[in-house]
$ cat start-v8.tsv   # TSV, C-alpha atoms
chain	number	residue	atom	x	y	z
W	1	MET	CA	43.96	19.00	39.89
W	2	GLY	CA	42.31	19.89	36.61
W	3	THR	CA	43.80	16.98	34.66
W	4	SER	CA	41.73	16.19	31.60
W	5	VAL	CA	40.57	12.80	32.85
W	6	THR	CA	39.43	14.35	36.12
W	7	GLU	CA	37.49	17.04	34.28
W	8	GLU	CA	35.95	14.52	31.88
W	9	LEU	CA	34.95	12.27	34.76
W	10	LYS	CA	33.36	15.14	36.68
W	11	ALA	CA	31.40	16.16	33.58
W	12	ARG	CA	30.22	12.60	32.99
W	13	ILE	CA	29.24	12.10	36.63
W	14	ARG	CA	27.38	15.43	36.68
W	15	ALA	CA	25.50	14.46	33.50
W	16	GLU	CA	24.81	10.78	34.20
W	17	GLY	CA	25.41	10.05	37.87
W	18	GLN	CA	22.32	9.33	39.94
W	19	TYR	CA	22.09	9.64	43.68
W	20	LEU	CA	20.04	6.70	44.96
W	21	GLY	CA	19.95	7.66	48.65
W	22	ASP	CA	21.89	6.19	51.58
W	23	GLY	CA	25.17	7.47	50.16
W	24	ILE	CA	24.89	5.34	47.00
W	25	LEU	CA	25.93	6.97	43.71
W	26	LYS	CA	25.01	5.15	40.52
W	27	ILE	CA	27.60	5.57	37.79
W	28	ASP	CA	26.89	2.23	36.14
W	29	GLY	CA	27.03	3.83	32.69
W	30	ILE	CA	30.57	5.10	33.31
W	31	LEU	CA	32.40	2.56	35.44
W	32	ASN	CA	30.34	-0.24	37.00
W	33	HIS	CA	28.41	-1.90	34.19
W	34	GLN	CA	28.99	-0.08	30.89
W	35	MET	CA	32.38	1.45	30.10
W	36	ASP	CA	34.04	3.67	27.51
W	37	PRO	CA	37.41	1.92	27.19
W	38	LYS	CA	39.31	5.10	26.25
W	39	LEU	CA	38.08	6.82	29.40
W	40	ILE	CA	39.06	3.81	31.52
W	41	GLN	CA	42.48	3.84	29.85
W	42	ALA	CA	42.88	7.53	30.70
W	43	MET	CA	42.00	6.74	34.32
W	44	GLY	CA	44.66	4.04	34.40
W	45	GLN	CA	47.27	6.33	32.87
W	46	GLU	CA	46.54	9.05	35.42
W	47	ILE	CA	46.85	6.56	38.30
W	48	ALA	CA	50.15	5.35	36.82
W	49	ARG	CA	51.42	8.92	36.52
W	50	ARG	CA	50.66	9.60	40.18
W	51	PHE	CA	52.26	6.41	41.47
W	52	GLN	CA	55.16	5.63	39.16
W	53	GLU	CA	57.68	7.12	41.60
W	54	ALA	CA	56.41	4.75	44.31
W	55	ARG	CA	57.67	1.89	42.09
W	56	PRO	CA	54.80	-0.57	42.60
W	57	THR	CA	55.59	-4.10	41.38
W	58	ARG	CA	52.02	-5.40	41.52
W	59	ILE	CA	48.48	-4.03	41.55
W	60	LEU	CA	45.87	-5.49	43.86
W	61	THR	CA	42.17	-4.85	43.33
W	62	ALA	CA	38.83	-6.53	44.05
W	63	GLU	CA	36.33	-7.99	41.59
W	64	VAL	CA	34.16	-6.78	39.92
W	65	SER	CA	34.32	-3.01	39.48
W	66	GLY	CA	37.99	-2.59	40.37
W	67	ILE	CA	39.22	-4.79	37.53
W	68	ALA	CA	38.90	-2.40	34.60
W	69	PRO	CA	40.67	0.68	36.04
W	70	ALA	CA	43.24	-1.53	37.80
W	71	LEU	CA	44.02	-3.36	34.55
W	72	MET	CA	44.57	-0.07	32.73
W	73	ALA	CA	46.79	1.24	35.54
W	74	ALA	CA	48.76	-2.03	35.43
W	75	LEU	CA	49.16	-1.67	31.67
W	76	ALA	CA	50.52	1.85	32.03
W	77	LEU	CA	52.89	0.80	34.84
W	78	ASP	CA	53.76	-2.54	33.16
W	79	VAL	CA	53.20	-4.59	36.31
W	80	PRO	CA	50.98	-7.65	36.94
W	81	ILE	CA	47.53	-7.29	38.44
W	82	VAL	CA	45.74	-9.65	40.80
W	83	TYR	CA	42.09	-9.26	41.74
W	84	ALA	CA	40.55	-10.57	44.92
W	85	ARG	CA	37.67	-12.96	44.24
W	86	LYS	CA	34.42	-12.63	46.15
W	87	HIS	CA	33.15	-16.10	45.22
W	88	LYS	CA	35.53	-19.02	45.25
W	89	PRO	CA	35.70	-20.75	41.85
W	90	LEU	CA	36.66	-24.41	41.52
W	91	THR	CA	39.99	-23.30	40.07
W	92	MET	CA	40.95	-21.61	43.35
W	93	TYR	CA	42.59	-24.18	45.61
W	94	GLY	CA	45.64	-24.32	47.79
W	95	PRO	CA	46.43	-21.64	50.40
W	96	ILE	CA	44.56	-18.36	50.10
W	97	PHE	CA	44.44	-15.06	51.90
W	98	LEU	CA	40.91	-14.23	53.00
W	99	GLU	CA	39.63	-10.94	54.37
W	100	THR	CA	36.06	-9.85	54.99
W	101	ALA	CA	34.52	-6.46	54.27
W	102	PRO	CA	30.99	-5.08	54.45
W	103	SER	CA	29.46	-4.34	51.04
W	104	PRO	CA	27.63	-1.01	50.70
W	105	THR	CA	26.03	-1.89	47.35
W	106	LYS	CA	25.20	-5.56	47.98
W	107	GLY	CA	24.47	-5.56	51.69
W	108	GLY	CA	26.00	-8.00	54.14
W	109	GLU	CA	29.63	-9.05	54.28
W	110	VAL	CA	31.72	-10.09	51.34
W	111	ASN	CA	34.76	-12.31	51.35
W	112	LEU	CA	37.83	-11.16	49.48
W	113	MET	CA	40.12	-14.04	48.52
W	114	VAL	CA	43.51	-14.12	46.81
W	115	ALA	CA	45.49	-17.30	46.17
W	116	ALA	CA	48.74	-17.04	48.11
W	117	GLU	CA	50.76	-17.88	44.99
W	118	TYR	CA	49.65	-14.61	43.35
W	119	LEU	CA	50.59	-12.40	46.30
W	120	PRO	CA	54.20	-13.40	46.97
W	121	ALA	CA	56.09	-11.80	49.88
W	122	GLY	CA	58.16	-8.73	49.14
W	123	GLU	CA	56.02	-7.22	46.39
W	124	ARG	CA	55.39	-3.46	46.39
W	125	ILE	CA	51.60	-3.28	46.23
W	126	LEU	CA	49.48	-0.49	44.77
W	127	ILE	CA	45.80	-0.99	45.62
W	128	VAL	CA	43.34	0.27	42.99
W	129	ASP	CA	39.56	0.31	43.31
W	130	ASP	CA	36.55	2.13	41.92
W	131	PHE	CA	35.20	3.86	45.05
W	132	LEU	CA	36.58	5.14	48.33
W	133	ALA	CA	33.81	5.78	50.83
W	134	SER	CA	34.31	4.37	54.32
W	135	GLY	CA	37.35	2.54	52.97
W	136	ARG	CA	36.37	-0.87	54.27
W	137	THR	CA	37.13	-2.77	51.05
W	138	LEU	CA	40.45	-0.93	50.79
W	139	PHE	CA	41.23	-1.75	54.44
W	140	ALA	CA	40.57	-5.43	53.70
W	141	LEU	CA	42.91	-5.34	50.69
W	142	ALA	CA	45.58	-3.50	52.72
W	143	ARG	CA	45.32	-6.10	55.50
W	144	MET	CA	45.78	-8.78	52.87
W	145	ALA	CA	48.93	-7.10	51.49
W	146	GLN	CA	50.36	-6.97	55.02
W	147	GLU	CA	49.38	-10.56	55.73
W	148	ALA	CA	51.29	-11.55	52.57
W	149	ARG	CA	54.36	-9.64	53.85
W	150	CYS	CA	54.20	-7.21	50.96
W	151	THR	CA	54.89	-3.47	51.15
W	152	LEU	CA	51.85	-1.27	50.56
W	153	VAL	CA	53.04	1.73	48.51
W	154	GLY	CA	49.75	3.50	47.82
W	155	ILE	CA	46.03	3.44	47.27
W	156	ALA	CA	44.31	4.82	44.16
W	157	VAL	CA	40.59	5.14	43.53
W	158	ILE	CA	38.49	6.65	40.80
W	159	VAL	CA	35.76	8.27	42.93
W	160	GLU	CA	36.12	9.35	46.55
W	161	LYS	CA	33.15	10.25	48.72
W	162	ALA	CA	34.97	12.63	51.04
W	163	PHE	CA	32.11	12.84	53.54
W	164	GLU	CA	32.66	9.25	54.68
W	165	SER	CA	36.23	10.02	55.87
W	166	GLY	CA	37.78	6.83	54.53
W	167	ARG	CA	40.88	8.68	53.31
W	168	GLN	CA	41.80	9.97	56.79
W	169	LYS	CA	41.39	6.54	58.36
W	170	LEU	CA	43.49	4.85	55.65
W	171	MET	CA	46.26	7.42	55.88
W	172	GLU	CA	46.34	7.24	59.67
W	173	LYS	CA	46.50	3.47	59.63
W	174	TYR	CA	48.90	2.86	56.75
W	175	GLY	CA	50.74	6.14	56.14
W	176	VAL	CA	50.70	5.76	52.36
W	177	PRO	CA	49.55	8.20	49.68
W	178	VAL	CA	45.84	7.92	48.87
W	179	GLU	CA	44.89	9.37	45.48
W	180	SER	CA	41.43	9.89	43.99
W	181	LEU	CA	40.70	11.03	40.45
W	182	VAL	CA	37.55	12.85	41.56
W	183	VAL	CA	36.41	13.78	45.05
W	184	ILE	CA	32.73	14.21	45.87
W	185	THR	CA	32.20	16.47	48.87
W	186	ASN	CA	28.42	16.33	48.97
W	187	MET	CA	25.56	14.77	47.09
W	188	ASP	CA	21.79	14.55	47.22
W	189	GLU	CA	18.94	14.00	44.77
W	190	GLN	CA	19.46	17.48	43.28
W	191	ARG	CA	23.19	17.69	42.75
W	192	ILE	CA	26.63	16.21	43.10
W	193	GLU	CA	29.35	18.54	44.44
W	194	PHE	CA	33.04	17.99	43.79
W	195	ALA	CA	36.06	19.32	45.60
W	196	ASP	CA	37.39	22.13	43.42
W	197	ASP	CA	40.86	20.79	43.84
W	198	PRO	CA	40.96	17.15	44.86
W	199	PRO	CA	43.36	17.00	47.79
W	200	ARG	CA	46.79	15.62	47.01
W	201	THR	CA	48.08	13.63	49.89
W	202	VAL	CA	51.56	13.68	51.33
W	203	GLU	CA	53.31	10.98	53.28
W	204	VAL	CA	52.25	11.09	56.90
A	1	MET	CA	47.28	-19.30	12.83
A	2	GLY	CA	50.65	-18.83	14.47
A	3	THR	CA	50.00	-15.26	15.58
A	4	SER	CA	52.35	-14.22	18.33
A	5	VAL	CA	49.65	-13.88	20.98
A	6	THR	CA	48.37	-17.36	20.17
A	7	GLU	CA	51.87	-18.81	20.45
A	8	GLU	CA	52.56	-16.94	23.69
A	9	LEU	CA	49.26	-18.11	25.17
A	10	LYS	CA	49.92	-21.72	24.22
A	11	ALA	CA	53.39	-21.56	25.79
A	12	ARG	CA	52.01	-20.02	28.98
A	13	ILE	CA	49.17	-22.56	29.21
A	14	ARG	CA	51.59	-25.44	28.60
A	15	ALA	CA	53.90	-24.13	31.33
A	16	GLU	CA	51.36	-23.01	33.94
A	17	GLY	CA	47.97	-24.51	33.11
A	18	GLN	CA	46.72	-27.22	35.44
A	19	TYR	CA	44.11	-29.78	34.58
A	20	LEU	CA	41.88	-30.22	37.63
A	21	GLY	CA	39.69	-33.01	36.31
A	22	ASP	CA	36.08	-32.86	35.07
A	23	GLY	CA	37.11	-30.73	32.11
A	24	ILE	CA	38.32	-27.87	34.31
A	25	LEU	CA	41.54	-26.11	33.26
A	26	LYS	CA	43.13	-23.78	35.79
A	27	ILE	CA	44.80	-20.77	34.15
A	28	ASP	CA	44.26	-18.44	37.10
A	29	GLY	CA	47.80	-17.11	36.78
A	30	ILE	CA	47.21	-16.05	33.18
A	31	LEU	CA	43.61	-14.90	32.84
A	32	ASN	CA	41.27	-15.60	35.75
A	33	HIS	CA	42.91	-14.16	38.87
A	34	GLN	CA	46.38	-12.79	38.07
A	35	MET	CA	47.04	-11.10	34.72
A	36	ASP	CA	49.92	-9.72	32.70
A	37	PRO	CA	48.28	-6.59	31.24
A	38	LYS	CA	50.42	-6.55	28.07
A	39	LEU	CA	49.34	-10.11	27.26
A	40	ILE	CA	45.69	-9.22	27.87
A	41	GLN	CA	46.13	-6.18	25.62
A	42	ALA	CA	47.58	-8.42	22.89
A	43	MET	CA	44.56	-10.71	23.23
A	44	GLY	CA	42.23	-7.74	22.81
A	45	GLN	CA	44.11	-6.47	19.78
A	46	GLU	CA	43.96	-9.89	18.12
A	47	ILE	CA	40.21	-10.13	18.75
A	48	ALA	CA	39.80	-6.64	17.29
A	49	ARG	CA	41.84	-7.59	14.22
A	50	ARG	CA	39.64	-10.62	13.59
A	51	PHE	CA	36.35	-8.76	13.99
A	52	GLN	CA	36.95	-5.21	12.77
A	53	GLU	CA	35.33	-5.97	9.42
A	54	ALA	CA	32.17	-7.12	11.20
A	55	ARG	CA	31.86	-3.51	12.48
A	56	PRO	CA	30.69	-4.24	16.03
A	57	THR	CA	29.33	-1.18	17.84
A	58	ARG	CA	29.34	-2.69	21.32
A	59	ILE	CA	31.01	-5.55	23.17
A	60	LEU	CA	29.02	-7.73	25.55
A	61	THR	CA	30.73	-9.95	28.12
A	62	ALA	CA	30.02	-11.48	31.52
A	63	GLU	CA	31.64	-10.72	34.85
A	64	VAL	CA	34.19	-11.66	36.14
A	65	SER	CA	36.74	-13.25	33.84
A	66	GLY	CA	35.39	-11.84	30.60
A	67	ILE	CA	35.93	-8.23	31.62
A	68	ALA	CA	39.69	-7.90	31.06
A	69	PRO	CA	39.96	-9.34	27.53
A	70	ALA	CA	36.67	-7.71	26.51
A	71	LEU	CA	37.87	-4.32	27.75
A	72	MET	CA	41.07	-4.62	25.75
A	73	ALA	CA	39.16	-5.69	22.62
A	74	ALA	CA	36.81	-2.73	23.14
A	75	LEU	CA	39.79	-0.40	23.46
A	76	ALA	CA	41.28	-1.67	20.20
A	77	LEU	CA	37.91	-1.40	18.41
A	78	ASP	CA	37.00	1.89	20.12
A	79	VAL	CA	33.52	0.74	21.09
A	80	PRO	CA	31.76	0.64	24.49
A	81	ILE	CA	31.68	-2.50	26.57
A	82	VAL	CA	28.92	-3.75	28.86
A	83	TYR	CA	29.36	-6.71	31.19
A	84	ALA	CA	26.53	-8.86	32.45
A	85	ARG	CA	26.33	-8.90	36.26
A	86	LYS	CA	25.87	-12.17	38.12
A	87	HIS	CA	24.85	-10.55	41.38
A	88	LYS	CA	22.48	-7.59	41.33
A	89	PRO	CA	24.03	-4.55	43.02
A	90	LEU	CA	21.88	-1.83	44.58
A	91	THR	CA	22.79	0.44	41.69
A	92	MET	CA	21.05	-1.85	39.20
A	93	TYR	CA	17.40	-0.88	39.00
A	94	GLY	CA	14.88	-0.32	36.26
A	95	PRO	CA	14.29	-2.82	33.45
A	96	ILE	CA	16.92	-5.49	32.94
A	97	PHE	CA	17.55	-8.39	30.64
A	98	LEU	CA	18.07	-11.61	32.58
A	99	GLU	CA	19.30	-14.93	31.27
A	100	THR	CA	20.39	-18.00	33.18
A	101	ALA	CA	23.34	-20.28	32.47
A	102	PRO	CA	24.90	-23.23	34.29
A	103	SER	CA	28.33	-22.46	35.79
A	104	PRO	CA	31.00	-25.13	35.24
A	105	THR	CA	33.47	-23.58	37.75
A	106	LYS	CA	31.02	-22.53	40.46
A	107	GLY	CA	28.35	-25.19	40.17
A	108	GLY	CA	24.64	-24.47	39.93
A	109	GLU	CA	23.02	-21.84	37.77
A	110	VAL	CA	24.12	-18.25	37.47
A	111	ASN	CA	22.01	-15.29	36.49
A	112	LEU	CA	23.37	-12.92	33.86
A	113	MET	CA	21.82	-9.46	34.07
A	114	VAL	CA	22.23	-6.36	31.92
A	115	ALA	CA	20.33	-3.13	32.48
A	116	ALA	CA	18.20	-2.50	29.41
A	117	GLU	CA	19.58	1.04	29.08
A	118	TYR	CA	23.05	-0.36	28.30
A	119	LEU	CA	21.88	-2.74	25.59
A	120	PRO	CA	19.87	-0.48	23.27
A	121	ALA	CA	18.13	-1.95	20.22
A	122	GLY	CA	20.01	-1.89	16.94
A	123	GLU	CA	23.54	-2.29	18.29
A	124	ARG	CA	25.93	-4.66	16.48
A	125	ILE	CA	27.10	-6.91	19.30
A	126	LEU	CA	30.40	-8.76	19.55
A	127	ILE	CA	30.38	-11.21	22.48
A	128	VAL	CA	33.75	-11.75	24.18
A	129	ASP	CA	34.48	-14.21	26.98
A	130	ASP	CA	37.37	-16.13	28.48
A	131	PHE	CA	36.35	-19.75	27.76
A	132	LEU	CA	34.25	-21.58	25.20
A	133	ALA	CA	33.41	-25.08	26.37
A	134	SER	CA	29.78	-26.14	26.08
A	135	GLY	CA	28.97	-22.55	25.15
A	136	ARG	CA	26.19	-22.13	27.67
A	137	THR	CA	27.32	-18.73	28.96
A	138	LEU	CA	27.79	-17.57	25.38
A	139	PHE	CA	24.32	-18.85	24.46
A	140	ALA	CA	22.87	-16.87	27.36
A	141	LEU	CA	24.64	-13.71	26.19
A	142	ALA	CA	23.51	-14.32	22.59
A	143	ARG	CA	19.90	-14.78	23.73
A	144	MET	CA	20.20	-11.50	25.59
A	145	ALA	CA	21.47	-9.68	22.49
A	146	GLN	CA	18.51	-11.02	20.51
A	147	GLU	CA	16.06	-10.15	23.27
A	148	ALA	CA	17.42	-6.59	23.13
A	149	ARG	CA	16.81	-6.53	19.35
A	150	CYS	CA	20.51	-6.15	18.65
A	151	THR	CA	22.43	-7.84	15.81
A	152	LEU	CA	24.94	-10.44	16.92
A	153	VAL	CA	27.99	-10.08	14.65
A	154	GLY	CA	30.38	-12.56	16.26
A	155	ILE	CA	31.70	-14.41	19.27
A	156	ALA	CA	35.34	-14.28	20.43
A	157	VAL	CA	36.93	-16.29	23.22
A	158	ILE	CA	40.44	-16.69	24.51
A	159	VAL	CA	40.45	-20.46	25.14
A	160	GLU	CA	38.24	-23.00	23.40
A	161	LYS	CA	37.86	-26.56	24.63
A	162	ALA	CA	37.06	-28.13	21.29
A	163	PHE	CA	35.98	-31.46	22.78
A	164	GLU	CA	32.84	-29.94	24.29
A	165	SER	CA	31.50	-28.93	20.84
A	166	GLY	CA	30.24	-25.50	21.88
A	167	ARG	CA	31.50	-23.93	18.66
A	168	GLN	CA	29.38	-26.13	16.41
A	169	LYS	CA	26.25	-25.51	18.46
A	170	LEU	CA	26.79	-21.75	18.48
A	171	MET	CA	27.44	-21.58	14.75
A	172	GLU	CA	24.42	-23.74	13.95
A	173	LYS	CA	22.17	-21.62	16.12
A	174	TYR	CA	23.41	-18.13	15.29
A	175	GLY	CA	25.37	-18.41	12.04
A	176	VAL	CA	28.03	-15.95	13.13
A	177	PRO	CA	31.83	-16.29	13.15
A	178	VAL	CA	33.20	-17.86	16.33
A	179	GLU	CA	36.89	-17.14	16.94
A	180	SER	CA	39.20	-18.58	19.60
A	181	LEU	CA	42.77	-17.46	20.25
A	182	VAL	CA	43.78	-20.98	21.30
A	183	VAL	CA	41.95	-24.26	20.83
A	184	ILE	CA	42.50	-27.18	23.20
A	185	THR	CA	41.69	-30.49	21.56
A	186	ASN	CA	42.46	-32.74	24.50
A	187	MET	CA	43.69	-32.50	28.06
A	188	ASP	CA	44.39	-34.69	31.05
A	189	GLU	CA	46.65	-34.62	34.10
A	190	GLN	CA	49.73	-35.25	31.94
A	191	ARG	CA	49.34	-32.81	29.08
A	192	ILE	CA	47.32	-30.20	27.26
A	193	GLU	CA	47.01	-30.62	23.48
A	194	PHE	CA	46.28	-27.73	21.14
A	195	ALA	CA	44.94	-27.71	17.62
A	196	ASP	CA	47.97	-27.08	15.41
A	197	ASP	CA	45.98	-24.59	13.45
A	198	PRO	CA	43.04	-23.16	15.38
A	199	PRO	CA	40.12	-23.46	12.98
A	200	ARG	CA	39.03	-20.23	11.36
A	201	THR	CA	35.31	-20.15	10.92
A	202	VAL	CA	33.40	-18.94	7.92
A	203	GLU	CA	29.86	-17.67	7.74
A	204	VAL	CA	27.44	-20.58	7.64

$ encode --input "start-v8.tsv" --output "structure tokens"
Amino acid sequence: MGTSVTEELKARIRAEGQYLGDGILKIDGILNHQMDPKLIQAMGQEIARRFQEARPTRILTAEVSGIAPALMAALALDVPIVYARKHKPLTMYGPIFLETAPSPTKGGEVNLMVAAEYLPAGERILIVDDFLASGRTLFALARMAQEARCTLVGIAVIVEKAFESGRQKLMEKYGVPVESLVVITNMDEQRIEFADDPPRTVEV
Amino acid sequence: MGTSVTEELKARIRAEGQYLGDGILKIDGILNHQMDPKLIQAMGQEIARRFQEARPTRILTAEVSGIAPALMAALALDVPIVYARKHKPLTMYGPIFLETAPSPTKGGEVNLMVAAEYLPAGERILIVDDFLASGRTLFALARMAQEARCTLVGIAVIVEKAFESGRQKLMEKYGVPVESLVVITNMDEQRIEFADDPPRTVEV
């Protein structure tokens, strides 16, 4: 791709990313704990550029790490955003959609919950999240969009770990474009390798 | 005040806010679950306008609901943001700052954790969060900033519940400006009352 945000992200991940073993990449200083808001904005603008023709009417993400890039993509597309909660606050009552996904960075299963009122039928949903690995969080969000009788128009992530094959499974199941700003093909304690040209997907 | 974002927020809260009893206001459709990104951006810009002269170098907030307005304030101020985690992910290791605060919407106590590397000594910290009620989350974040040997330059929230007196306690303890975009003076099942003119604070 060679877009500037992709190149900046690759440079930052090469400089600061830490491989912690078991397929876990720490980029807490870039996306998951500390953030440079201009870089997050550039991520959101790039996601918007790639999906504006799909005409999403709503962005769906999951707390916590999906919120920032999804908010910036929503700003660039001028559509509302809703984020699935993992812990039910007192303010969440009435009918909800609930899906369950395994958590690679927390262990165990996590619930993903969206109040039905914020996922009305007929919306054109773009799912945005921080990572695509096995795709299990994204599958849970996609199931939720279907359950709500919405149309899934695409899936966008910041960092894809290509070696976990989540993209193929998502595309086979849902037949929507899956876009990643950077694609990691291999990583170990010594280095992080990126796809020279992150694959652009086509409708299947 | 009468700024446009304040007026828009008051109108939205009057129209959509729900009082759930026990001092809990549900504005999940505005700030805590579903968001209009342009409104969140306007909130961030207003926070930036009020605090630019305090020259913050870093914004500190808490997951989950603080992230969106804090990110937009950070974008407008062009400073990094760090959000305290409530649940420790695998990627968080090494020294951390940990403070504990009671959670009004979840019950019990919550941990607030920031990796020490993302709260370096000497930073000028602006704390941003969604609600100011008793101020206990904000106190925990302020303690963390002090523990990190940073300078607290101010506290900004979107919605203040004036009847819980958090503002007075925070100002007495830390002597920094506390700013709220809207101030609720009273609420019950029938109506939500706002301060006609949200109080501007001065250095104490």

$ interface_residues --input "start-v8.tsv" --of "chain W" --to "chain A" --cutoff "6 Å" --atoms "all atoms listed in the file" --output "PyMOL selection string"
chain W and resi 26+33-37+75+80-83+89-91+105-106

$ atom_distance --input "start-v8.tsv" --atom1 "atom CA of A:Ser134" --atom2 "atom CA of A:Glu7"
23.9 Å

$ residues_around --input "start-v8.tsv" --residues "A:Glu179" --least-positions-apart "5" --cutoff "12 Å" --atoms "all atoms listed in the file" --output "JSON, numbers by chain"
{"A": [1, 6, 43, 46, 47, 48, 49, 50, 51, 126, 127, 128, 129, 130, 131, 132, 153, 154, 155, 156, 157, 158, 159, 160, 162, 166, 167, 168, 170, 171, 198, 199, 200, 201, 202, 203]}

$ build_atoms --input "start-v8.tsv" --residues "stretch 61-77 of chain W" --atoms "N, CA and C atoms" --output "short mmCIF file (atom, residue, chain, number, x, y, z; two decimals), keeping the file's coordinate frame"
data_model
loop_
_atom_site.label_atom_id
_atom_site.label_comp_id
_atom_site.auth_asym_id
_atom_site.auth_seq_id
_atom_site.Cartn_x
_atom_site.Cartn_y
_atom_site.Cartn_z
N THR W 61 43.50 -5.44 43.36
CA THR W 61 42.17 -4.85 43.33
C THR W 61 41.17 -5.92 43.75
N ALA W 62 39.88 -5.59 43.69
CA ALA W 62 38.83 -6.53 44.05
C ALA W 62 37.85 -6.62 42.89
N GLU W 63 37.39 -7.87 42.59
CA GLU W 63 36.33 -7.99 41.59
C GLU W 63 35.08 -7.32 42.15
N VAL W 64 34.21 -6.79 41.36
CA VAL W 64 34.16 -6.78 39.92
C VAL W 64 34.63 -5.41 39.40
N SER W 65 34.17 -4.35 40.05
CA SER W 65 34.32 -3.01 39.48
C SER W 65 35.74 -2.48 39.52
N GLY W 66 36.61 -3.07 40.33
CA GLY W 66 37.99 -2.59 40.37
C GLY W 66 38.81 -3.06 39.18
N ILE W 67 38.37 -4.13 38.53
CA ILE W 67 39.22 -4.79 37.53
C ILE W 67 39.60 -3.87 36.38
N ALA W 68 38.62 -3.18 35.81
CA ALA W 68 38.90 -2.40 34.60
C ALA W 68 39.91 -1.26 34.86
N PRO W 69 39.67 -0.37 35.83
CA PRO W 69 40.67 0.68 36.04
C PRO W 69 42.01 0.12 36.52
N ALA W 70 41.99 -0.94 37.32
CA ALA W 70 43.24 -1.53 37.80
C ALA W 70 44.04 -2.14 36.65
N LEU W 71 43.34 -2.78 35.71
CA LEU W 71 44.02 -3.36 34.55
C LEU W 71 44.70 -2.27 33.72
N MET W 72 44.00 -1.15 33.53
CA MET W 72 44.57 -0.07 32.73
C MET W 72 45.74 0.61 33.46
N ALA W 73 45.66 0.70 34.78
CA ALA W 73 46.79 1.24 35.54
C ALA W 73 47.98 0.28 35.45
N ALA W 74 47.70 -1.01 35.53
CA ALA W 74 48.76 -2.03 35.43
C ALA W 74 49.42 -2.00 34.05
N LEU W 75 48.61 -1.77 33.02
CA LEU W 75 49.16 -1.67 31.67
C LEU W 75 50.11 -0.48 31.56
N ALA W 76 49.69 0.65 32.11
CA ALA W 76 50.52 1.85 32.03
C ALA W 76 51.79 1.71 32.87
N LEU W 77 51.72 0.99 33.98
CA LEU W 77 52.89 0.80 34.84
C LEU W 77 53.70 -0.44 34.45
#
